[in-house]
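**Student:** Got a structure for you, questions after.
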Amino acid sequence: MGSIIENIATLQRNVFILTPLLVSFYQNLKPKEKNILLAYFVFPLVLNNEFKNKIKTFNSNSNMSRITKDKDIMAGFEDRFHFYYDMTNKCLQYAINCKWIKIKDDLSVSVENADCRLSDPSLNDSFGLASKLYKIFNKDVVNTYYAFGIKGL
């Protein structure tokens with residue numbers, strides 16, 4: 001029975017399905033130095049049900065502390081962050097191979113072609129949140145990691 005559940009999880013959370021979430025995030029994020037490191041926050045946030053339920057919209061008043069001060073969203077965040085680490089790396093590589101994104105020498109990411117289709121309709125909410133997530137990442141990368149309590153990759 002356990003292998004059936006593992007196989008379903010693999011079908012629902014694989015590189016081909018999750019990569020459009022990253023491309024969507026970077027589509028609106030202005031390229032700045034080392035913003036590739038922000039990719040590691042996308043999956044732990046937008047695939048978290050607490051986050052999806054509490055953060056319905058982002059507006060000009062949205063900031064990072066709205067998330068980091070919410071105990072329900074932050075419960076287990078570091079574990080989710082490390083859980084999605086390898087998947088994030090694979091998705092970044094797949095997006096580069098498909099020429100959807102380009103990584104520059106200063107580790108900034110720019111979207112070259114945003115024409116990647118999201119194939120799983122159950123991720124529509126996550127896709128919408130990922131495209132608006134850029135609004136909360138207004139600090140530099142080091143301060144963002146500090147705010148979320150992540151000490152290193």
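If you're wondering about the labels, chains in the structure tokens are A, B, ... by order shown, residues count from 1 in each chain, ligands from 1 in order shown.
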Just want the 12 Å neighbourhood of stretch 44-58 of chain A, counted on only C-alpha atoms, with same-chain residues fewer than 2 positions away dropped. Output as a PyMOL selection string.

**Tutor:** chain A and resi 12-13+18+21-22+24-25+38-42+60-64+66-68+70-85+87-88+122-137+148

**Student:** Considering only strand (DSSP E) as DSSP defines it on the backbone, what residues of chain A qualify? List them as a ChimeraX atom specification.

**Tutor:** /A:101-103,109-111

**Student:** How about saving the chosen residues, all heavy atoms kept, as a short mmCIF file (atom, residue, chain, number, x, y, z; two decimals), in the first residue's frame?

**Tutor:**
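Wrote it out as again_22.cif, contents follow:
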```cif
data_model
loop_
_atom_site.label_atom_id
_atom_site.label_comp_id
_atom_site.auth_asym_id
_atom_site.auth_seq_id
_atom_site.Cartn_x
_atom_site.Cartn_y
_atom_site.Cartn_z
N ILE A 101 14.48 29.87 -18.58
CA ILE A 101 15.18 30.86 -17.77
C ILE A 101 16.66 30.87 -18.15
O ILE A 101 17.16 29.92 -18.76
CB ILE A 101 15.05 30.60 -16.25
CG1 ILE A 101 15.70 29.27 -15.86
CG2 ILE A 101 13.61 30.68 -15.80
CD1 ILE A 101 15.80 29.04 -14.35
N LYS A 102 17.30 31.96 -17.77
CA LYS A 102 18.74 32.09 -17.98
C LYS A 102 19.36 32.60 -16.68
O LYS A 102 18.82 33.51 -16.05
CB LYS A 102 19.03 33.07 -19.11
CG LYS A 102 20.50 33.22 -19.42
CD LYS A 102 20.71 34.16 -20.56
CE LYS A 102 22.20 34.26 -20.86
NZ LYS A 102 22.47 35.20 -21.94
N ILE A 103 20.47 31.99 -16.28
CA ILE A 103 21.17 32.42 -15.08
C ILE A 103 22.42 33.17 -15.50
O ILE A 103 23.25 32.65 -16.23
CB ILE A 103 21.53 31.21 -14.19
CG1 ILE A 103 20.25 30.49 -13.78
CG2 ILE A 103 22.31 31.67 -12.97
CD1 ILE A 103 20.46 29.22 -13.03
N VAL A 109 18.46 35.56 -12.12
CA VAL A 109 17.66 34.76 -13.04
C VAL A 109 16.77 35.67 -13.85
O VAL A 109 16.10 36.55 -13.31
CB VAL A 109 16.78 33.74 -12.26
CG1 VAL A 109 15.89 32.96 -13.21
CG2 VAL A 109 17.65 32.80 -11.45
N SER A 110 16.75 35.45 -15.15
CA SER A 110 15.81 36.17 -16.02
C SER A 110 15.03 35.15 -16.83
O SER A 110 15.55 34.09 -17.18
CB SER A 110 16.55 37.15 -16.93
OG SER A 110 17.41 36.45 -17.80
N VAL A 111 13.79 35.46 -17.09
CA VAL A 111 12.93 34.55 -17.85
C VAL A 111 13.13 34.83 -19.34
O VAL A 111 12.98 35.97 -19.79
CB VAL A 111 11.45 34.73 -17.45
CG1 VAL A 111 10.55 33.89 -18.33
CG2 VAL A 111 11.26 34.37 -16.00
#
```

**Student:** Hey, which of A:Ile150, A:Leu107, A:Cys91, A:Cys98 ends up closest to A:Pro31? Count only C-alpha atoms.

**Tutor:**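 Closest to A:Pro31, using only C-alpha atoms: A:Leu107.
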
**Student:** Please run DSSP on the backbone and report, as a count of residues only, all residues within stretch 21-146 of chain A that come out as alpha helix (DSSP H).

**Tutor:** 66

**Student:** In Å, rounded to a single decimal, give me how far atom CA of A:Asn143 is from atom CA of A:Ala95.

**Tutor:** 26.2 Å

**Student:** Rank nothing, just name the residue among A:Thr144, A:Gly152, A:Lys104, A:Glu112 nearest to A:Glu33, using only C-alpha atoms.

**Tutor:** A:Lys104

**Student:** So the first atom is atom CA of A:Ile17 and the second is atom CA of A:Val141; what is the distance between them in Å, to one decimal place?

**Tutor:**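 It comes out at 26.1 Å.
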